[in-house]
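Dumped entry26.txt below, it's compact mmCIF, C-alpha atoms:
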```
# COMPACT_ATOMS: atom_id res chain seq x y z
CA MET G 845 58.65 -14.39 33.56
CA ILE G 846 60.20 -16.80 31.05
CA ARG G 847 57.88 -19.05 29.05
CA LYS G 848 58.68 -22.18 27.08
CA ILE G 849 56.41 -23.02 24.16
CA PRO G 850 57.11 -26.36 22.46
CA VAL G 851 56.92 -26.92 18.72
CA ARG G 852 56.38 -30.66 18.51
CA LEU G 853 56.57 -31.76 14.89
CA THR G 854 54.30 -34.73 14.25
CA THR G 855 56.49 -35.99 11.39
CA GLY G 856 59.80 -36.01 13.23
CA THR G 857 60.39 -35.61 16.94
CA ASP G 858 64.13 -35.16 16.35
CA ARG G 859 63.35 -31.83 14.67
CA SER G 860 61.05 -30.57 17.40
CA TYR G 861 62.27 -27.55 19.33
CA ASN G 862 61.28 -25.01 21.97
CA ILE G 863 60.49 -21.31 21.82
CA ILE G 864 61.84 -19.43 24.82
CA ILE G 865 60.19 -16.06 25.42
CA GLY G 866 60.90 -13.53 28.14
CA ASN G 867 61.78 -9.91 28.82
CA ASN G 868 65.39 -8.72 29.06
CA ILE G 869 66.83 -12.22 28.59
CA LEU G 870 69.39 -11.69 25.81
CA GLY G 871 72.16 -11.71 28.42
CA ASN G 872 71.25 -15.33 29.25
CA LEU G 873 71.50 -16.59 25.68
CA GLY G 874 74.96 -18.11 26.10
CA LYS G 875 73.77 -20.22 29.02
CA ALA G 876 70.76 -21.44 27.02
CA LEU G 877 72.95 -22.29 24.04
CA LYS G 878 75.41 -24.18 26.24
CA ALA G 879 72.59 -26.33 27.63
CA LEU G 880 71.58 -27.37 24.11
CA ASN G 881 75.04 -28.79 23.37
CA CYS G 882 74.53 -28.22 19.65
CA GLY G 883 77.81 -26.55 18.74
CA THR G 884 81.11 -25.26 20.08
CA SER G 885 81.86 -22.55 17.51
CA VAL G 886 79.27 -19.80 16.99
CA PHE G 887 78.73 -17.84 13.78
CA ILE G 888 76.41 -14.82 14.05
CA ILE G 889 74.44 -13.47 11.10
CA THR G 890 72.92 -10.03 11.65
CA ASP G 891 72.38 -6.68 9.94
CA ASN G 892 73.85 -3.25 10.59
CA ASN G 893 70.75 -1.90 12.37
CA VAL G 894 70.49 -4.81 14.79
CA ALA G 895 74.26 -5.15 15.33
CA ARG G 896 74.41 -1.61 16.66
CA LEU G 897 71.81 -2.46 19.31
CA TYR G 898 72.33 -6.07 20.33
CA LEU G 899 75.51 -7.64 18.97
CA LYS G 900 77.66 -6.59 21.92
CA ILE G 901 75.36 -8.15 24.53
CA ILE G 902 75.12 -11.37 22.48
CA VAL G 903 78.90 -11.74 22.13
CA SER G 904 79.39 -10.96 25.82
CA SER G 905 76.82 -13.59 26.81
CA LEU G 906 78.53 -16.18 24.61
CA LYS G 907 81.94 -15.46 26.12
CA LYS G 908 80.59 -15.72 29.66
CA ALA G 909 79.16 -19.15 28.79
CA GLY G 910 82.55 -20.35 27.53
CA PHE G 911 82.18 -19.92 23.75
CA ALA G 912 85.68 -18.76 22.82
CA ASP G 913 85.40 -19.21 19.06
CA THR G 914 82.90 -16.80 17.52
CA GLY G 915 82.55 -15.23 14.08
CA LYS G 916 80.08 -12.86 12.50
CA ILE G 917 78.83 -11.21 9.36
CA ILE G 918 76.98 -7.90 9.43
CA LEU G 919 74.74 -7.35 6.41
CA PRO G 920 73.11 -4.21 5.04
CA ALA G 921 69.47 -4.11 6.18
CA GLY G 922 66.54 -4.33 3.78
CA GLU G 923 64.29 -6.78 1.94
CA GLU G 924 66.05 -5.97 -1.35
CA ARG G 925 69.15 -7.69 0.12
CA LYS G 926 67.30 -10.99 0.45
CA ASN G 927 68.82 -12.51 -2.67
CA SER G 928 71.33 -15.02 -4.02
CA GLY G 929 74.19 -12.53 -3.82
CA THR G 930 73.75 -12.06 -0.09
CA PHE G 931 73.31 -15.79 0.39
CA LEU G 932 76.69 -16.44 -1.29
CA ARG G 933 78.31 -13.65 0.68
CA ILE G 934 77.24 -15.30 3.94
CA LEU G 935 78.43 -18.72 2.74
CA ASN G 936 81.86 -17.30 1.90
CA ALA G 937 82.17 -15.67 5.31
CA LEU G 938 81.07 -18.89 7.01
CA TYR G 939 83.55 -20.93 4.97
CA ASP G 940 86.38 -18.59 6.00
CA PHE G 941 85.33 -18.92 9.64
CA ASP G 942 85.21 -22.71 9.35
CA ARG G 943 88.78 -22.89 8.00
CA ASN G 944 89.45 -26.62 7.68
CA GLN G 945 85.77 -27.61 7.87
CA GLN G 946 86.29 -29.37 11.18
CA LYS G 947 84.42 -27.06 13.52
CA LYS G 948 81.15 -27.93 15.18
CA ILE G 949 79.37 -24.74 14.17
CA VAL G 950 76.02 -23.38 15.31
CA ILE G 951 74.62 -20.35 13.50
CA LEU G 952 72.81 -17.57 15.34
CA THR G 953 70.44 -15.50 13.20
CA LEU G 954 70.06 -12.19 15.03
CA GLY G 955 67.52 -9.96 13.28
CA GLY G 956 64.22 -9.81 11.44
CA GLY G 957 62.77 -11.87 8.63
CA VAL G 958 65.50 -11.20 6.07
CA VAL G 959 68.31 -12.30 8.37
CA GLY G 960 66.28 -15.24 9.71
CA ASP G 961 65.28 -16.57 6.29
CA LEU G 962 68.72 -16.15 4.73
CA GLY G 963 70.58 -17.44 7.77
CA GLY G 964 68.27 -20.42 8.09
CA PHE G 965 68.88 -21.36 4.45
CA VAL G 966 72.63 -21.04 4.93
CA ALA G 967 72.30 -23.44 7.89
CA ALA G 968 70.22 -25.81 5.75
CA SER G 969 72.77 -25.71 2.91
CA TYR G 970 76.22 -25.62 4.50
CA ARG G 971 77.61 -29.17 4.84
CA ARG G 972 74.06 -30.28 3.95
CA GLY G 973 72.74 -28.96 7.23
CA ILE G 974 74.09 -27.53 10.47
CA ASN G 975 72.39 -26.31 13.63
CA TYR G 976 71.02 -22.81 13.99
CA ILE G 977 69.25 -20.66 16.57
CA GLN G 978 66.70 -17.99 15.68
CA ILE G 979 66.84 -14.73 17.66
CA PRO G 980 64.07 -12.49 16.26
CA THR G 981 64.47 -8.76 16.88
CA THR G 982 61.22 -7.45 15.38
CA LEU G 983 57.60 -7.89 16.39
CA LEU G 984 56.99 -9.53 13.02
CA GLY G 985 59.81 -11.97 13.79
CA LEU G 986 58.48 -12.66 17.27
CA VAL G 987 54.98 -13.55 16.12
CA ASP G 988 55.54 -14.98 12.65
CA CYS G 989 58.65 -15.23 10.48
CA GLY G 990 60.94 -16.36 13.32
CA LEU G 991 58.91 -19.58 13.61
CA GLY G 992 58.18 -22.61 11.49
CA GLY G 993 61.43 -23.54 9.74
CA LYS G 994 60.80 -21.87 6.37
CA THR G 995 64.06 -20.50 5.00
CA GLY G 996 65.21 -18.99 1.72
CA PHE G 997 65.49 -15.88 -0.40
CA ASN G 998 63.74 -13.99 -3.18
CA PHE G 999 64.67 -14.93 -6.74
CA ARG G 1000 64.11 -12.58 -9.66
CA LYS G 1001 60.50 -11.43 -9.23
CA ALA G 1002 59.35 -14.29 -7.00
CA LYS G 1003 59.17 -13.99 -3.22
CA ASN G 1004 60.98 -16.77 -1.29
CA LEU G 1005 61.16 -18.97 -4.40
CA ILE G 1006 64.50 -20.54 -3.41
CA GLY G 1007 64.67 -22.18 -0.01
CA ALA G 1008 64.22 -25.18 2.23
CA PHE G 1009 62.45 -26.34 5.35
CA TRP G 1010 65.08 -26.43 8.08
CA GLN G 1011 64.07 -26.35 11.72
CA PRO G 1012 66.03 -24.32 14.29
CA ARG G 1013 67.27 -25.97 17.44
CA LEU G 1014 65.80 -23.13 19.47
CA VAL G 1015 63.94 -19.85 18.96
CA TYR G 1016 65.05 -17.37 21.61
CA MET G 1017 62.79 -14.33 22.02
CA ASP G 1018 63.41 -11.24 24.11
CA THR G 1019 60.38 -8.94 24.01
CA LEU G 1020 62.57 -6.04 25.15
CA VAL G 1021 63.59 -5.61 21.50
CA ILE G 1022 60.18 -4.06 20.76
CA LYS G 1023 61.23 -0.89 22.61
CA THR G 1024 63.90 -0.13 20.02
CA LEU G 1025 61.76 -0.89 16.96
CA PRO G 1026 60.98 1.96 14.59
CA LEU G 1027 57.24 2.66 14.56
CA ARG G 1028 56.98 1.46 10.97
CA GLU G 1029 58.37 -1.95 11.96
CA LEU G 1030 56.06 -2.14 14.97
CA ARG G 1031 53.10 -1.60 12.66
CA CYS G 1032 54.35 -4.32 10.32
CA GLY G 1033 54.38 -6.77 13.21
CA LEU G 1034 50.86 -5.78 14.17
CA ALA G 1035 49.76 -6.69 10.63
CA GLU G 1036 50.70 -10.30 11.31
CA THR G 1037 48.92 -10.31 14.67
CA ILE G 1038 45.77 -9.10 12.87
CA LYS G 1039 46.24 -11.99 10.44
CA TYR G 1040 46.15 -14.50 13.30
CA GLY G 1041 42.94 -12.96 14.59
CA VAL G 1042 41.27 -13.30 11.19
CA ILE G 1043 42.41 -16.85 10.47
CA LYS G 1044 42.00 -18.46 13.88
CA ASP G 1045 40.96 -16.34 16.84
CA LYS G 1046 38.03 -13.93 16.83
CA ASN G 1047 38.72 -13.06 20.49
CA LEU G 1048 42.24 -11.99 19.59
CA PHE G 1049 40.82 -9.88 16.76
CA SER G 1050 38.40 -8.15 19.14
CA PHE G 1051 41.21 -7.58 21.64
CA LEU G 1052 43.26 -5.92 18.90
CA GLU G 1053 40.30 -3.73 17.91
CA ASN G 1054 39.89 -2.57 21.50
CA ASN G 1055 43.58 -2.06 22.26
CA ILE G 1056 45.30 -1.03 19.03
CA SER G 1057 46.19 2.46 20.30
CA GLY G 1058 47.83 1.00 23.41
CA LEU G 1059 49.75 -1.52 21.34
CA LEU G 1060 51.06 1.28 19.15
CA LYS G 1061 52.27 2.91 22.37
CA ARG G 1062 54.13 -0.36 23.14
CA LYS G 1063 52.31 -1.05 26.38
CA SER G 1064 54.02 -4.13 27.76
CA LEU G 1065 50.92 -5.61 29.35
CA LEU G 1066 49.14 -5.63 25.99
CA LEU G 1067 52.11 -6.90 23.98
CA ASN G 1068 52.75 -9.66 26.49
CA LYS G 1069 49.12 -10.72 26.04
CA ILE G 1070 49.08 -11.00 22.23
CA ILE G 1071 52.58 -12.31 21.47
CA PRO G 1072 52.18 -15.74 23.17
CA ILE G 1073 48.73 -16.16 21.60
CA CYS G 1074 50.17 -15.64 18.12
CA ILE G 1075 53.15 -17.90 18.82
CA LYS G 1076 50.89 -20.72 20.02
CA ILE G 1077 48.66 -20.44 16.94
CA LYS G 1078 51.61 -20.68 14.58
CA ALA G 1079 53.32 -23.41 16.61
CA LYS G 1080 50.19 -25.55 16.48
CA ILE G 1081 49.73 -25.07 12.74
CA THR G 1082 53.37 -25.68 11.79
CA SER G 1083 53.60 -28.68 14.12
CA ALA G 1084 50.81 -30.36 12.17
CA ASP G 1085 52.12 -29.38 8.73
CA GLU G 1086 55.89 -28.98 8.86
CA ARG G 1087 56.51 -28.93 5.11
CA ASP G 1088 53.36 -27.12 3.99
CA ASP G 1089 52.07 -30.17 2.09
CA LYS G 1090 48.84 -30.96 3.98
CA ASP G 1091 46.86 -27.78 3.23
CA ILE G 1092 46.94 -26.91 6.94
CA ARG G 1093 49.77 -24.42 6.98
CA ILE G 1094 48.46 -22.61 3.91
CA ILE G 1095 46.05 -20.56 6.04
CA LEU G 1096 49.09 -18.65 7.35
CA ASN G 1097 49.27 -17.14 3.86
CA TYR G 1098 46.15 -15.02 4.34
CA GLY G 1099 47.00 -11.65 2.78
CA HIS G 1100 50.28 -12.94 1.37
CA THR G 1101 49.29 -13.82 -2.20
CA LEU G 1102 48.66 -10.24 -3.26
CA GLY G 1103 50.96 -8.95 -0.51
CA HIS G 1104 53.95 -10.78 -1.98
CA ALA G 1105 52.88 -9.63 -5.45
CA LEU G 1106 52.92 -6.01 -4.28
CA GLU G 1107 56.40 -6.41 -2.82
CA ALA G 1108 57.76 -7.94 -6.02
CA ALA G 1109 55.94 -5.47 -8.31
CA THR G 1110 57.63 -2.59 -6.48
CA ASN G 1111 61.08 -4.26 -6.34
CA TYR G 1112 60.86 -4.69 -2.54
CA ARG G 1113 61.41 -0.96 -2.06
CA LYS G 1114 57.99 0.65 -1.57
CA PHE G 1115 56.46 -1.59 1.11
CA ASN G 1116 57.83 -3.43 4.09
CA HIS G 1117 56.54 -6.99 4.32
CA GLY G 1118 53.89 -6.27 6.96
CA GLU G 1119 52.60 -3.29 5.00
CA ALA G 1120 52.18 -5.37 1.86
CA VAL G 1121 50.47 -8.13 3.83
CA GLY G 1122 48.11 -5.57 5.37
CA ILE G 1123 47.03 -4.43 1.91
CA GLY G 1124 46.81 -8.07 0.82
CA MET G 1125 44.45 -8.83 3.70
CA VAL G 1126 42.18 -5.95 2.72
CA LEU G 1127 42.14 -7.09 -0.92
CA ALA G 1128 41.47 -10.71 0.07
CA ALA G 1129 38.57 -9.60 2.27
CA LYS G 1130 37.12 -7.63 -0.64
CA LEU G 1131 37.38 -10.72 -2.84
CA ALA G 1132 35.63 -12.73 -0.15
CA VAL G 1133 32.74 -10.24 -0.12
CA LYS G 1134 32.35 -10.52 -3.89
CA LEU G 1135 32.32 -14.31 -3.62
CA GLY G 1136 29.72 -14.26 -0.83
CA LEU G 1137 32.08 -15.76 1.75
CA ILE G 1138 32.01 -12.92 4.27
CA GLN G 1139 29.65 -10.11 5.15
CA ALA G 1140 30.70 -6.63 4.06
CA LYS G 1141 30.60 -5.41 7.68
CA ASP G 1142 33.22 -8.00 8.73
CA ALA G 1143 35.42 -7.13 5.78
CA GLY G 1144 35.03 -3.52 6.91
CA ARG G 1145 36.21 -4.46 10.41
CA ILE G 1146 39.33 -6.03 8.94
CA GLU G 1147 40.13 -2.94 6.88
CA SER G 1148 39.36 -0.58 9.77
CA LEU G 1149 41.71 -2.42 12.11
CA ILE G 1150 44.51 -2.48 9.56
CA PHE G 1151 44.02 1.24 8.97
CA ALA G 1152 43.93 1.91 12.73
CA ALA G 1153 47.30 0.15 13.04
CA GLY G 1154 48.70 2.80 10.70
CA LEU G 1155 49.13 0.43 7.78
CA PRO G 1156 48.39 1.27 4.14
CA VAL G 1157 45.18 -0.05 2.57
CA SER G 1158 45.59 1.20 -1.01
CA VAL G 1159 47.51 0.14 -4.14
CA LYS G 1160 47.47 3.65 -5.58
CA GLY G 1161 50.22 4.28 -8.10
CA ILE G 1162 51.04 0.63 -8.77
CA PRO G 1163 49.98 -0.66 -12.20
CA GLU G 1164 47.50 -3.52 -11.99
CA ASN G 1165 49.33 -5.44 -14.71
CA LYS G 1166 52.55 -5.43 -12.69
CA ILE G 1167 50.74 -6.72 -9.61
CA LEU G 1168 48.97 -9.45 -11.57
CA ALA G 1169 52.17 -10.50 -13.34
CA SER G 1170 53.91 -10.87 -9.99
CA MET G 1171 50.91 -12.71 -8.54
CA ARG G 1172 51.05 -15.34 -11.28
CA ARG G 1173 54.48 -16.39 -9.99
CA ASP G 1174 53.10 -17.22 -6.55
CA LYS G 1175 54.54 -20.56 -5.48
CA LYS G 1176 51.23 -21.61 -3.90
CA PHE G 1177 49.55 -21.77 -7.30
CA ILE G 1178 49.20 -25.25 -8.84
CA SER G 1179 49.52 -25.68 -12.62
CA GLY G 1180 48.81 -21.99 -13.08
CA VAL G 1181 45.56 -22.09 -11.07
CA ASN G 1182 45.45 -19.36 -8.46
CA ARG G 1183 44.83 -20.17 -4.80
CA PHE G 1184 43.75 -17.61 -2.23
CA VAL G 1185 43.20 -17.81 1.51
CA LEU G 1186 39.99 -15.83 2.04
CA PRO G 1187 38.13 -14.93 5.25
CA ALA G 1188 34.77 -16.60 5.79
CA GLY G 1189 34.17 -14.59 8.95
CA ILE G 1190 36.37 -13.23 11.73
CA GLY G 1191 38.35 -16.23 13.00
CA ARG G 1192 37.85 -18.52 10.01
CA VAL G 1193 39.31 -18.73 6.50
CA VAL G 1194 38.89 -20.98 3.48
CA VAL G 1195 41.17 -21.79 0.55
CA THR G 1196 39.58 -20.77 -2.74
CA GLU G 1197 40.95 -21.66 -6.17
CA ASN G 1198 40.60 -20.33 -9.69
CA ILE G 1199 39.20 -16.91 -8.90
CA PRO G 1200 38.58 -15.06 -12.19
CA GLU G 1201 41.39 -12.64 -12.86
CA SER G 1202 38.78 -10.08 -13.92
CA MET G 1203 37.44 -10.11 -10.35
CA ILE G 1204 40.94 -9.65 -8.89
CA ARG G 1205 41.54 -6.79 -11.30
CA LYS G 1206 38.22 -5.22 -10.24
CA VAL G 1207 39.19 -5.36 -6.56
CA LEU G 1208 42.55 -3.80 -7.32
CA SER G 1209 40.91 -0.97 -9.26
CA GLU G 1210 38.57 -0.27 -6.35
CA ARG G 1211 41.47 0.14 -3.91
CA ARG G 1212 43.08 3.06 -5.74
```
Using the file provided, produce a representation of the structure as structure tokens.
Amino acid sequence: MIRKIPVRLTTGTDRSYNIIIGNNILGNLGKALKALNCGTSVFIITDNNVARLYLKIIVSSLKKAGFADTGKIILPAGEERKNSGTFLRILNALYDFDRNQQKKIVILTLGGGVVGDLGGFVAASYRRGINYIQIPTTLLGLVDCGLGGKTGFNFRKAKNLIGAFWQPRLVYMDTLVIKTLPLRELRCGLAETIKYGVIKDKNLFSFLENNISGLLKRKSLLLNKIIPICIKIKAKITSADERDDKDIRIILNYGHTLGHALEAATNYRKFNHGEAVGIGMVLAAKLAVKLGLIQAKDAGRIESLIFAAGLPVSVKGIPENKILASMRRDKKFISGVNRFVLPAGIGRVVVTENIPESMIRKVLSERR
């Protein structure tokens, strides 16, 4: 069954788009792209892991649909590649493909969050904006980073500091990709589904608690239940707050403040994004307990579920000063005042500012 989930942006209907989700539908991508009429030349951005699995079927689908002019760049995989050097490398390859700058190009980003964020920013930047299509190939991409129009790359020690809001023309999701995911990547995607349960849907959270072992076994019935729920939550939030300037979209950052700090403090090499966010959610829940926002038993449920998903819950071996230094560069902070999304129960979060750094340090020390 193929589903269509609309993302209707309240601030600009011309930038609204659809999410298409189905199983074993990559072979129909060319037909879907043709119907959009958003480009005649196709440039694919992917990484070496994904190219080995899915590039051939994508190119074949494009050719069958009549796209004769296609180009590609295959990047090394890894969060540490999400930087200005890779961004320029993609731009150079795209420029060479464009030749005389007269083509009507549409970019396809085929991969996880790194490819999607970099490719989306290339689309936002080249000729001051060209069309692109997101094709997520990870569970994390399916439920989170493949949606919402945030693009960019990491700069120095700051996560996603350089970027732009640039909406795709279509997000095309094939849930069959989950079967080829390494277990570590599957767990990272589950971290984001847990996030949605905490911030917006206590029933989803309970479902995850009761079915986490089956989800880790990739049971299709369970995955097909949670993925659309997560997509709809994010679509609703990003539709109402496209540019993250209304304090609506900020709740999606639950677990990300300290999660991003952990990634940066370890040079994007120790943790995958979902792992860092999982730890960040545990730390945020502990802060919420200390501030009297959530009962200890509910914070314990959050940690237990993250642990059951096979995700780390400790910052052992990482100096607190490095984590705090990275945290201070968080782009959500205003005039140096920290801002955290903290749980106030399962299914509800609040934004809390100016938490004493001594309290944050205390929580970090307790998670060693």
Shell around Asp1088 (chain G) at 12 Å using only C-alpha atoms, local window under 2 positions removed, as a CSV table (one decimal) with C-alpha atoms, in the coordinates of the input:
```csv
chain,number,residue,atom,x,y,z
G,855,THR,CA,56.5,-36.0,11.4
G,992,GLY,CA,58.2,-22.6,11.5
G,993,GLY,CA,61.4,-23.5,9.7
G,994,LYS,CA,60.8,-21.9,6.4
G,1008,ALA,CA,64.2,-25.2,2.2
G,1009,PHE,CA,62.4,-26.3,5.4
G,1081,ILE,CA,49.7,-25.1,12.7
G,1082,THR,CA,53.4,-25.7,11.8
G,1083,SER,CA,53.6,-28.7,14.1
G,1084,ALA,CA,50.8,-30.4,12.2
G,1085,ASP,CA,52.1,-29.4,8.7
G,1086,GLU,CA,55.9,-29.0,8.9
G,1090,LYS,CA,48.8,-31.0,4.0
G,1091,ASP,CA,46.9,-27.8,3.2
G,1092,ILE,CA,46.9,-26.9,6.9
G,1093,ARG,CA,49.8,-24.4,7.0
G,1094,ILE,CA,48.5,-22.6,3.9
G,1095,ILE,CA,46.0,-20.6,6.0
G,1096,LEU,CA,49.1,-18.6,7.4
G,1097,ASN,CA,49.3,-17.1,3.9
G,1175,LYS,CA,54.5,-20.6,-5.5
G,1176,LYS,CA,51.2,-21.6,-3.9
```
Sorted by chain and rising residue number, list the residues of region 944-1010 of chain G at most 8 Å from region 865-885 of chain G (counting all atoms listed in the file), each with its closest atom pair and distance in Å to one decimal, as a tab-separated table.
```
residue	atom	partner	partner_atom	distance
G:Lys947	CA	G:Ser885	CA	6.5
G:Lys948	CA	G:Gly883	CA	5.1
G:Ile949	CA	G:Ser885	CA	4.7
G:Val950	CA	G:Gly883	CA	5.0
G:Asn975	CA	G:Cys882	CA	6.7
```
key: Computed interatomic separation between CA of Phe1177 (chain G) and CA of Val851 (chain G) (Å)   = 27.5 Å
Ser1050 (chain G) surroundings by all atoms listed in the file, 12 Å radius, close-in-sequence under 6 positions cut, as a list in words =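 These residues fall inside the cut-off: Thr1037, Ile1038, Tyr1040, Gly1041, Val1042, Ile1056, Ile1070, Asp1142, Arg1145, Ile1146, Leu1149, Ile1190 and Gly1191 of chain G.
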Near-Gln945 (chain G) list (12 Å; all atoms listed in the file; drop same-chain fewer than 3 positions) as a list in words = Ser885, Leu938, Tyr939, Asp940, Phe941, Asp942, Lys948, Ile949, Tyr970, Arg971 and Ile974 of chain G
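CA of Arg1192 (chain G) is found 7.8 Å from CA of Asp1045 (chain G).
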query = Which polymer residues have any atom within 9 Å of an atom of region 888-900 of chain G, counting all atoms listed in the file, with same-chain residues fewer than 4 positions away left out, as a count of residues only?
reply = 27
Do a neighbour search on Ile1178 (chain G) at 10 Å with all atoms listed in the file, toss out local chain neighbours closer than 4 positions, and write the hits as a short mmCIF file (atom, residue, chain, number, x, y, z; two decimals) with C-alpha atoms, in the frame of the given file.
```
data_model
loop_
_atom_site.label_atom_id
_atom_site.label_comp_id
_atom_site.auth_asym_id
_atom_site.auth_seq_id
_atom_site.Cartn_x
_atom_site.Cartn_y
_atom_site.Cartn_z
CA ASP G 1174 53.10 -17.22 -6.55
CA ASN G 1182 45.45 -19.36 -8.46
CA ARG G 1183 44.83 -20.17 -4.80
CA GLU G 1197 40.95 -21.66 -6.17
CA ASN G 1198 40.60 -20.33 -9.69
#
```
task = Take the point (58.0, -6.9, -4.4) as written in the file and pick out every residue within 9 Å of it, counting all atoms listed in the file; give the list as a PyMOL selection string.
result = chain G and resi 923-924+1001-1003+1103-1115+1117+1120+1167+1170
Select, counting only C-alpha atoms, all protein, DNA and RNA residues no farther than 10 Å from (41.6, -12.0, -8.4) in file coordinates, and express the selection as a CSV table (one decimal) with C-alpha atoms, keeping the file's coordinate frame.
```csv
chain,number,residue,atom,x,y,z
G,1102,LEU,CA,48.7,-10.2,-3.3
G,1127,LEU,CA,42.1,-7.1,-0.9
G,1128,ALA,CA,41.5,-10.7,0.1
G,1130,LYS,CA,37.1,-7.6,-0.6
G,1131,LEU,CA,37.4,-10.7,-2.8
G,1168,LEU,CA,49.0,-9.4,-11.6
G,1171,MET,CA,50.9,-12.7,-8.5
G,1182,ASN,CA,45.4,-19.4,-8.5
G,1183,ARG,CA,44.8,-20.2,-4.8
G,1184,PHE,CA,43.8,-17.6,-2.2
G,1197,GLU,CA,41.0,-21.7,-6.2
G,1198,ASN,CA,40.6,-20.3,-9.7
G,1199,ILE,CA,39.2,-16.9,-8.9
G,1200,PRO,CA,38.6,-15.1,-12.2
G,1201,GLU,CA,41.4,-12.6,-12.9
G,1202,SER,CA,38.8,-10.1,-13.9
G,1203,MET,CA,37.4,-10.1,-10.4
G,1204,ILE,CA,40.9,-9.6,-8.9
G,1205,ARG,CA,41.5,-6.8,-11.3
G,1206,LYS,CA,38.2,-5.2,-10.2
G,1207,VAL,CA,39.2,-5.4,-6.6
G,1208,LEU,CA,42.6,-3.8,-7.3
```
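Among the candidate residues G:Ser1158, G:Asn998, G:Ser1057, G:Gln1011, the one lying nearest to Leu1034 (chain G) is G:Ser1057, with distances computed using all atoms listed in the file.
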inquiry  = Using Å and a single decimal, report how far CA of Ile864 (chain G) sits from CA of Ile901 (chain G).
reply    = 17.6 Å
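Across G:Asp913, G:Glu1036, G:Asp988, G:Asp1018, the tightest approach to Gly1118 (chain G) is made by G:Glu1036 when counting only C-alpha atoms.
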What are the centre and edge lengths in Å, to one decimal, of the axis-aligned box around all listed atoms of region 1081-1088 of chain G with 3 Å added on each side, as JSON?
```
{"center_x": 53.1, "center_y": -27.7, "center_z": 9.1, "size_x": 12.8, "size_y": 11.3, "size_z": 16.1}
```
